[in-house]
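Containing mmCIF, C-alpha atoms and all ligand atoms: model28.cif.
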```cif
data_protein
#
loop_
_atom_site.label_atom_id
_atom_site.label_comp_id
_atom_site.auth_asym_id
_atom_site.auth_seq_id
_atom_site.Cartn_x
_atom_site.Cartn_y
_atom_site.Cartn_z
CA MET A 1 105.81 17.23 95.27
CA HIS A 2 102.84 17.51 97.57
CA ARG A 3 99.44 16.74 96.09
CA VAL A 4 96.07 18.01 97.23
CA LYS A 5 93.56 15.20 97.26
CA THR A 6 90.19 16.20 95.88
CA GLY A 7 88.62 13.50 98.06
CA ILE A 8 85.99 12.99 95.35
CA PRO A 9 85.64 9.20 94.86
CA GLY A 10 87.54 8.16 91.71
CA MET A 11 88.92 11.62 90.95
CA ASP A 12 92.31 11.26 92.64
CA GLU A 13 92.97 8.05 90.70
CA ILE A 14 92.45 9.96 87.46
CA LEU A 15 94.81 12.66 88.71
CA HIS A 16 97.41 10.03 89.70
CA GLY A 17 97.19 11.08 93.34
CA GLY A 18 95.62 14.53 93.39
CA ILE A 19 96.13 18.11 92.22
CA PRO A 20 99.75 19.32 92.58
CA GLU A 21 99.82 21.82 95.45
CA ARG A 22 99.38 25.52 94.51
CA ASN A 23 97.95 24.68 91.09
CA VAL A 24 95.10 26.85 89.86
CA VAL A 25 92.68 24.61 87.99
CA LEU A 26 89.94 25.73 85.62
CA LEU A 27 86.77 23.70 86.17
CA SER A 28 85.03 24.24 82.91
CA GLY A 29 81.63 23.15 81.62
CA GLY A 30 78.22 24.09 80.28
CA PRO A 31 75.06 24.70 82.33
CA GLY A 32 74.12 21.97 84.79
CA THR A 33 77.28 19.94 84.25
CA GLY A 34 78.06 19.84 88.00
CA LYS A 35 80.76 22.52 88.34
CA SER A 36 79.39 24.09 91.52
CA ILE A 37 78.84 20.72 93.19
CA PHE A 38 82.37 19.56 92.25
CA CYS A 39 83.85 22.78 93.62
CA GLN A 40 81.84 22.52 96.85
CA GLU A 41 82.81 18.87 97.35
CA PHE A 42 86.52 19.70 96.79
CA LEU A 43 86.27 22.27 99.58
CA PHE A 44 84.24 20.07 101.93
CA ARG A 45 86.58 17.07 101.56
CA GLY A 46 89.44 19.46 102.27
CA ILE A 47 87.99 20.25 105.70
CA GLU A 48 87.98 16.50 106.40
CA TYR A 49 91.71 16.40 105.51
CA ASP A 50 92.32 19.33 107.85
CA GLU A 51 92.82 21.70 104.93
CA PRO A 52 90.49 24.67 105.51
CA GLY A 53 88.75 26.13 102.47
CA ILE A 54 87.13 29.28 101.14
CA LEU A 55 84.36 29.58 98.60
CA ILE A 56 84.02 32.87 96.76
CA ALA A 57 80.36 33.09 95.81
CA LEU A 58 79.67 35.25 92.77
CA GLU A 59 76.72 33.43 91.26
CA GLU A 60 74.55 32.38 94.18
CA HIS A 61 73.44 33.68 97.57
CA PRO A 62 75.59 32.23 100.38
CA VAL A 63 72.39 31.16 102.18
CA GLN A 64 71.39 29.11 99.11
CA ILE A 65 74.87 27.60 98.85
CA ARG A 66 74.68 26.34 102.45
CA ILE A 67 71.26 24.79 101.74
CA ASN A 68 72.53 23.16 98.53
CA MET A 69 75.57 21.73 100.27
CA GLU A 70 73.46 20.34 103.09
CA GLN A 71 71.56 18.22 100.51
CA PHE A 72 74.72 16.16 100.14
CA GLY A 73 75.33 15.96 103.90
CA TRP A 74 77.92 18.76 103.80
CA ASP A 75 76.89 20.86 106.77
CA VAL A 76 79.36 23.72 106.50
CA ARG A 77 77.75 25.97 109.12
CA LYS A 78 79.46 24.00 111.87
CA TYR A 79 82.85 24.40 110.17
CA GLU A 80 82.26 28.09 109.55
CA LYS A 81 81.78 28.54 113.31
CA GLU A 82 84.95 26.53 113.98
CA GLY A 83 86.92 28.67 111.49
CA LYS A 84 87.64 25.82 109.07
CA PHE A 85 85.49 27.03 106.18
CA ALA A 86 84.30 30.41 104.94
CA ILE A 87 82.08 31.76 102.22
CA ILE A 88 82.95 35.14 100.75
CA ASP A 89 79.75 36.84 99.68
CA ALA A 90 80.50 38.51 96.34
CA PHE A 91 76.89 38.08 95.27
CA THR A 92 74.59 40.27 97.37
CA SER A 93 76.72 43.46 97.55
CA GLY A 94 75.71 43.39 101.21
CA ILE A 95 72.06 44.07 100.34
CA GLY A 96 69.34 42.34 102.38
CA SER A 97 69.03 41.20 105.99
CA ALA A 98 70.62 37.76 105.37
CA ALA A 99 73.65 39.40 103.75
CA LYS A 100 74.17 41.53 106.88
CA ARG A 101 75.01 38.33 108.75
CA GLU A 102 77.80 37.37 106.35
CA LYS A 103 81.30 37.82 107.74
CA TYR A 104 83.11 38.39 104.45
CA ILE A 105 81.50 40.64 101.86
CA VAL A 106 82.84 41.99 98.56
CA ARG A 107 80.57 44.90 97.66
CA ASP A 108 81.90 45.41 94.14
CA PRO A 109 83.33 42.22 92.58
CA SER A 110 84.43 44.21 89.53
CA ASP A 111 86.91 45.92 91.88
CA GLU A 112 89.74 43.36 91.81
CA MET A 113 91.61 44.95 94.68
CA GLU A 114 88.57 44.78 96.99
CA LEU A 115 88.10 41.11 96.07
CA ILE A 116 91.77 40.32 96.69
CA ASP A 117 91.83 42.18 100.02
CA VAL A 118 88.78 40.29 101.36
CA MET A 119 90.12 36.99 99.98
CA LYS A 120 93.53 37.52 101.63
CA GLU A 121 91.90 38.42 104.94
CA ALA A 122 89.73 35.28 104.90
CA ILE A 123 92.60 33.00 103.81
CA GLU A 124 94.87 34.31 106.54
CA GLU A 125 92.17 34.17 109.24
CA ILE A 126 91.24 30.54 108.68
CA GLY A 127 94.59 29.33 107.32
CA ALA A 128 92.93 28.24 104.07
CA LYS A 129 94.69 25.72 101.85
CA ARG A 130 91.91 25.46 99.25
CA VAL A 131 89.97 28.13 97.40
CA GLY A 132 87.02 27.85 95.02
CA ILE A 133 85.82 30.75 92.86
CA ASP A 134 82.30 30.19 91.52
CA SER A 135 82.46 31.53 88.95
CA VAL A 136 85.57 33.24 87.68
CA THR A 137 83.69 33.99 84.43
CA THR A 138 81.53 36.50 86.33
CA LEU A 139 84.64 38.56 87.09
CA TYR A 140 85.31 39.39 83.46
CA LEU A 141 81.89 39.00 81.84
CA ASN A 142 81.77 42.67 80.83
CA LYS A 143 85.48 42.98 80.10
CA PRO A 144 86.69 39.87 78.22
CA MET A 145 89.98 41.59 77.35
CA MET A 146 90.80 41.57 81.06
CA ALA A 147 90.27 37.82 81.57
CA ARG A 148 93.92 36.79 81.35
CA LYS A 149 95.10 39.65 83.56
CA THR A 150 92.46 38.86 86.20
CA VAL A 151 93.30 35.15 86.24
CA PHE A 152 97.06 35.85 86.47
CA LEU A 153 96.55 38.28 89.31
CA LEU A 154 94.41 35.83 91.29
CA LYS A 155 96.86 33.01 90.55
CA LYS A 156 99.80 35.06 91.82
CA VAL A 157 98.00 35.97 95.05
CA LEU A 158 96.72 32.43 95.70
CA ALA A 159 100.01 30.67 94.94
CA GLY A 160 101.80 33.21 97.15
CA LEU A 161 99.49 32.31 100.01
CA GLY A 162 100.07 28.57 99.44
CA CYS A 163 96.55 27.77 98.21
CA THR A 164 95.35 25.28 95.63
CA ALA A 165 92.35 26.58 93.71
CA LEU A 166 89.45 25.66 91.48
CA PHE A 167 88.17 28.40 89.17
CA VAL A 168 84.71 27.60 87.83
CA SER A 169 84.48 28.59 84.15
CA GLN A 170 81.08 28.78 82.48
CA ILE A 171 80.80 27.96 78.81
CA SER A 172 77.75 27.60 76.56
CA VAL A 173 76.28 24.31 75.36
CA GLY A 174 78.33 23.06 72.41
CA GLU A 175 80.99 25.75 72.84
CA ARG A 176 84.49 24.59 72.03
CA GLY A 177 87.28 25.42 74.42
CA PHE A 178 87.21 26.00 78.16
CA GLY A 179 86.63 29.71 78.66
CA GLY A 180 88.86 31.63 76.26
CA PRO A 181 92.51 31.39 75.19
CA GLY A 182 93.81 33.91 77.72
CA VAL A 183 92.42 31.95 80.62
CA GLU A 184 93.13 28.45 79.28
CA HIS A 185 96.87 29.11 78.98
CA ALA A 186 97.15 31.04 82.23
CA VAL A 187 95.85 28.27 84.48
CA ASP A 188 97.86 25.23 85.62
CA GLY A 189 95.13 22.70 84.96
CA ILE A 190 91.84 22.21 83.16
CA ILE A 191 89.11 19.75 84.14
CA LYS A 192 86.19 19.74 81.71
CA LEU A 193 82.75 18.55 82.80
CA ASP A 194 80.27 17.49 80.11
CA LEU A 195 76.64 16.55 79.75
CA ASP A 196 75.69 14.77 76.52
CA GLU A 197 72.44 13.38 75.28
CA ILE A 198 73.15 9.80 74.20
CA ASP A 199 70.30 7.49 73.15
CA GLY A 200 67.72 9.81 74.68
CA GLU A 201 69.50 10.13 78.02
CA LEU A 202 71.78 12.77 79.50
CA LYS A 203 75.15 11.31 80.49
CA ARG A 204 77.76 13.02 82.63
CA SER A 205 81.47 12.72 81.93
CA LEU A 206 84.70 14.53 82.68
CA ILE A 207 88.17 14.74 81.23
CA VAL A 208 91.41 16.17 82.61
CA TRP A 209 92.65 18.24 79.68
CA LYS A 210 95.77 19.59 81.34
CA MET A 211 97.45 19.39 84.75
CA ARG A 212 100.90 20.89 85.21
CA GLY A 213 103.25 18.91 87.43
CA THR A 214 101.75 15.45 87.00
CA SER A 215 100.72 12.76 84.58
CA HIS A 216 96.98 12.00 84.53
CA SER A 217 94.37 9.89 82.81
CA MET A 218 93.86 10.93 79.19
CA ARG A 219 90.44 9.29 79.07
CA ARG A 220 86.90 10.62 79.29
CA HIS A 221 85.39 9.18 82.48
CA PRO A 222 81.69 8.92 83.27
CA PHE A 223 80.56 10.33 86.60
CA GLU A 224 77.38 10.55 88.66
CA ILE A 225 75.93 13.04 91.08
CA THR A 226 74.37 11.14 93.99
CA ASP A 227 72.83 12.31 97.27
CA LYS A 228 76.32 11.94 98.81
CA GLY A 229 78.11 13.90 96.11
CA ILE A 230 80.10 13.05 93.00
CA ILE A 231 81.31 9.57 92.05
CA VAL A 232 83.79 9.38 89.18
CA HIS A 233 84.19 6.03 87.44
CA ALA A 234 87.96 5.90 87.04
CA ASP A 235 87.77 2.40 85.53
CA LYS A 236 85.27 3.36 82.79
CA VAL A 237 85.49 5.37 79.58
CA LEU A 238 82.65 7.26 77.90
CA LYS A 239 82.86 7.30 74.12
CA LYS A 240 81.05 10.19 72.44
N1 LIG B 301 70.81 15.94 95.12
C1 LIG B 301 71.13 15.74 93.85
N2 LIG B 301 71.28 14.49 93.37
C2 LIG B 301 71.61 14.27 92.08
N3 LIG B 301 71.82 15.23 91.18
C3 LIG B 301 71.70 16.50 91.61
C4 LIG B 301 71.35 16.82 92.94
N4 LIG B 301 71.29 18.17 93.06
C5 LIG B 301 71.60 18.66 91.84
N5 LIG B 301 71.84 17.67 90.96
C6 LIG B 301 72.22 17.81 89.54
O1 LIG B 301 73.24 18.77 89.47
C7 LIG B 301 72.91 19.77 88.51
C8 LIG B 301 73.41 21.11 88.97
O2 LIG B 301 74.78 21.03 89.22
P1 LIG B 301 75.65 22.36 89.42
O3 LIG B 301 74.86 23.41 90.10
O4 LIG B 301 76.94 21.97 90.02
O5 LIG B 301 75.86 22.77 87.90
P2 LIG B 301 76.76 23.90 87.27
O6 LIG B 301 77.67 23.23 86.30
O7 LIG B 301 77.39 24.71 88.34
O8 LIG B 301 75.68 24.72 86.46
P3 LIG B 301 75.49 26.28 86.14
O9 LIG B 301 76.71 26.73 85.39
O10 LIG B 301 74.26 26.27 85.31
O11 LIG B 301 75.34 26.95 87.46
C9 LIG B 301 71.43 19.76 88.41
O12 LIG B 301 71.01 20.19 87.11
C10 LIG B 301 71.07 18.30 88.67
O13 LIG B 301 71.11 17.57 87.45
#
```
As structure tokens, what does this structure read like?
Amino acid sequence: MHRVKTGIPGMDEILHGGIPERNVVLLSGGPGTGKSIFCQEFLFRGIEYDEPGILIALEEHPVQIRINMEQFGWDVRKYEKEGKFAIIDAFTSGIGSAAKREKYIVRDPSDEMELIDVMKEAIEEIGAKRVGIDSVTTLYLNKPMMARKTVFLLKKVLAGLGCTALFVSQISVGERGFGGPGVEHAVDGIIKLDLDEIDGELKRSLIVWKMRGTSHSMRRHPFEITDKGIIVHADKVLKK
């Protein structure tokens, strides 16, 4: 079985080599836990492994995403020009002068077929192997009953195109679970990011809750966000 290396220091050790190819993984966590940065790093490291990637931006302006990524030394503009990375703008609805410069635009993200058509076009054009959706929660915010159907549909399309994907799932502080039963059972893997106040300090940790097709660490590992990206301490355990 082929594995897709996240390339995030420490993370592939926890995953016993990487994410099994074509898995759709829910990246779940509360506000500020590092989901967007994790997703962006997964895609950027992919480019370095010659595995082009696509980020579907539903929560933030693509211009802001490029600026945020640059903070960590991930200059994606160059790779966008070379056709190794693409951002699908599902945020602006094409409104504003900056949005007019975006190559891939989804005007109505609640229209699943429009989203899938643009996604397919971008994947085929750049030969994408990795896809990040930030966030998948936005797609069914106003229609929670549709969550499972939406996730299954996306999973079917992405697996069919040979992609391995991270679906960012937003949950509230203290909320149990990872984004709802429909979604949790539909995905192939779940990585949960946490932020806990311990002795007056916020500590980051993550745990791989499920990953079809592989064994993995069952421990809660501390991680840091540095100016070069995420570092997961595979040799340490955080006890809560
Ligand atoms: N350059 C940096 N160095 C260290 N930490 C950073 C840096 N930039 C951002 N952070 C940390 O990352 C956090 C934001 O991470 P991210 O945007 O990935 O969170 P998120 O889980 O996607 O949150 P939300 O769901 O609220 O959008 C910030 O709150 C900050 O603590």
Could I get the residues of chain A with an atom no further than 10 Å from an atom of ligand LIG 301 (chain B), each paired with its nearest atom pair and that distance in Å to one decimal, using all atoms listed in the file, sorted by chain and residue number, as JSON lines?
```
{"residue": "A:Leu27", "atom": "CA", "partner": "B:LIG301", "partner_atom": "O6", "distance": 9.1}
{"residue": "A:Ser28", "atom": "CA", "partner": "B:LIG301", "partner_atom": "O6", "distance": 8.2}
{"residue": "A:Gly29", "atom": "CA", "partner": "B:LIG301", "partner_atom": "O6", "distance": 6.1}
{"residue": "A:Gly30", "atom": "CA", "partner": "B:LIG301", "partner_atom": "O9", "distance": 5.9}
{"residue": "A:Pro31", "atom": "CA", "partner": "B:LIG301", "partner_atom": "O10", "distance": 3.5}
{"residue": "A:Gly32", "atom": "CA", "partner": "B:LIG301", "partner_atom": "O8", "distance": 3.6}
{"residue": "A:Thr33", "atom": "CA", "partner": "B:LIG301", "partner_atom": "O6", "distance": 3.9}
{"residue": "A:Gly34", "atom": "CA", "partner": "B:LIG301", "partner_atom": "O4", "distance": 3.1}
{"residue": "A:Lys35", "atom": "CA", "partner": "B:LIG301", "partner_atom": "O6", "distance": 3.8}
{"residue": "A:Ser36", "atom": "CA", "partner": "B:LIG301", "partner_atom": "O4", "distance": 3.6}
{"residue": "A:Ile37", "atom": "CA", "partner": "B:LIG301", "partner_atom": "O4", "distance": 3.9}
{"residue": "A:Phe38", "atom": "CA", "partner": "B:LIG301", "partner_atom": "O4", "distance": 6.3}
{"residue": "A:Cys39", "atom": "CA", "partner": "B:LIG301", "partner_atom": "O4", "distance": 7.8}
{"residue": "A:Gln40", "atom": "CA", "partner": "B:LIG301", "partner_atom": "O4", "distance": 8.4}
{"residue": "A:Glu41", "atom": "CA", "partner": "B:LIG301", "partner_atom": "O4", "distance": 9.9}
{"residue": "A:Glu59", "atom": "CA", "partner": "B:LIG301", "partner_atom": "O11", "distance": 7.6}
{"residue": "A:Glu60", "atom": "CA", "partner": "B:LIG301", "partner_atom": "O11", "distance": 8.7}
{"residue": "A:Ile65", "atom": "CA", "partner": "B:LIG301", "partner_atom": "O3", "distance": 9.7}
{"residue": "A:Asn68", "atom": "CA", "partner": "B:LIG301", "partner_atom": "N4", "distance": 7.5}
{"residue": "A:Met69", "atom": "CA", "partner": "B:LIG301", "partner_atom": "N1", "distance": 9.1}
{"residue": "A:Glu70", "atom": "CA", "partner": "B:LIG301", "partner_atom": "N1", "distance": 9.5}
{"residue": "A:Gln71", "atom": "CA", "partner": "B:LIG301", "partner_atom": "N1", "distance": 5.9}
{"residue": "A:Phe72", "atom": "CA", "partner": "B:LIG301", "partner_atom": "N1", "distance": 6.4}
{"residue": "A:Gly73", "atom": "CA", "partner": "B:LIG301", "partner_atom": "N1", "distance": 9.9}
{"residue": "A:Asp134", "atom": "CA", "partner": "B:LIG301", "partner_atom": "O7", "distance": 8.0}
{"residue": "A:Ser135", "atom": "CA", "partner": "B:LIG301", "partner_atom": "O9", "distance": 8.3}
{"residue": "A:Val168", "atom": "CA", "partner": "B:LIG301", "partner_atom": "O7", "distance": 7.9}
{"residue": "A:Ser169", "atom": "CA", "partner": "B:LIG301", "partner_atom": "O9", "distance": 8.1}
{"residue": "A:Gln170", "atom": "CA", "partner": "B:LIG301", "partner_atom": "O9", "distance": 5.6}
{"residue": "A:Ile171", "atom": "CA", "partner": "B:LIG301", "partner_atom": "O9", "distance": 7.8}
{"residue": "A:Ser172", "atom": "CA", "partner": "B:LIG301", "partner_atom": "O9", "distance": 8.9}
{"residue": "A:Leu193", "atom": "CA", "partner": "B:LIG301", "partner_atom": "O6", "distance": 7.7}
{"residue": "A:Asp194", "atom": "CA", "partner": "B:LIG301", "partner_atom": "O6", "distance": 8.8}
{"residue": "A:Leu195", "atom": "CA", "partner": "B:LIG301", "partner_atom": "O6", "distance": 9.4}
{"residue": "A:Leu202", "atom": "CA", "partner": "B:LIG301", "partner_atom": "O13", "distance": 9.3}
{"residue": "A:Arg204", "atom": "CA", "partner": "B:LIG301", "partner_atom": "O13", "distance": 9.4}
{"residue": "A:Glu224", "atom": "CA", "partner": "B:LIG301", "partner_atom": "C2", "distance": 7.7}
{"residue": "A:Ile225", "atom": "CA", "partner": "B:LIG301", "partner_atom": "C2", "distance": 4.6}
{"residue": "A:Thr226", "atom": "CA", "partner": "B:LIG301", "partner_atom": "C2", "distance": 4.6}
{"residue": "A:Asp227", "atom": "CA", "partner": "B:LIG301", "partner_atom": "N1", "distance": 4.7}
{"residue": "A:Lys228", "atom": "CA", "partner": "B:LIG301", "partner_atom": "N1", "distance": 7.7}
{"residue": "A:Gly229", "atom": "CA", "partner": "B:LIG301", "partner_atom": "N2", "distance": 7.4}
{"residue": "A:Ile230", "atom": "CA", "partner": "B:LIG301", "partner_atom": "C2", "distance": 8.6}
```
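Distance annotation: of A:Val63, A:Val237, A:Val232, A:Val136, the residue with the minimal separation from Leu15 of chain A is A:Val232; atom set is all atoms listed in the file.
Of note, atom CA of Met211 of chain A and atom CA of Gly179 of chain A are spaced 16.1 Å apart.
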Contacts of Leu166 of chain A at 7 Å (only C-alpha atoms; same-chain gap of 5+ positions) as a ChimeraX atom specification: /A:24-27,39,131-133
Selected residue, from A:Thr164, A:Gly96, A:Ala86, A:Val157, that lies nearest to Lys5 of chain A when counting all atoms listed in the file: A:Thr164
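Between atom CA of Pro144 of chain A and atom CA of Glu184 of chain A lies a distance of 13.2 Å.
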Polymer residues at most 10 Å from Ser217 of chain A, all atoms listed in the file, same-chain spacing of 6 or more positions, as a list in words: Met11, Glu13, Ile14, Leu15, His16, Ile207, Val208, Trp209, Lys210 and Ala234 of chain A
Those same residues - C-alpha atoms - I'd like them written as a PDB file, in the coordinates of the input.
```
ATOM      1  CA  MET A  11      88.920  11.620  90.950  1.00  0.00           C
ATOM      2  CA  GLU A  13      92.970   8.050  90.700  1.00  0.00           C
ATOM      3  CA  ILE A  14      92.450   9.960  87.460  1.00  0.00           C
ATOM      4  CA  LEU A  15      94.810  12.660  88.710  1.00  0.00           C
ATOM      5  CA  HIS A  16      97.410  10.030  89.700  1.00  0.00           C
ATOM      6  CA  ILE A 207      88.170  14.740  81.230  1.00  0.00           C
ATOM      7  CA  VAL A 208      91.410  16.170  82.610  1.00  0.00           C
ATOM      8  CA  TRP A 209      92.650  18.240  79.680  1.00  0.00           C
ATOM      9  CA  LYS A 210      95.770  19.590  81.340  1.00  0.00           C
ATOM     10  CA  ALA A 234      87.960   5.900  87.040  1.00  0.00           C
TER      11      ALA A 234
END
```
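The gap separating atom CA of Arg101 of chain A from atom CA of Lys81 of chain A is 12.7 Å, in Å to one decimal.
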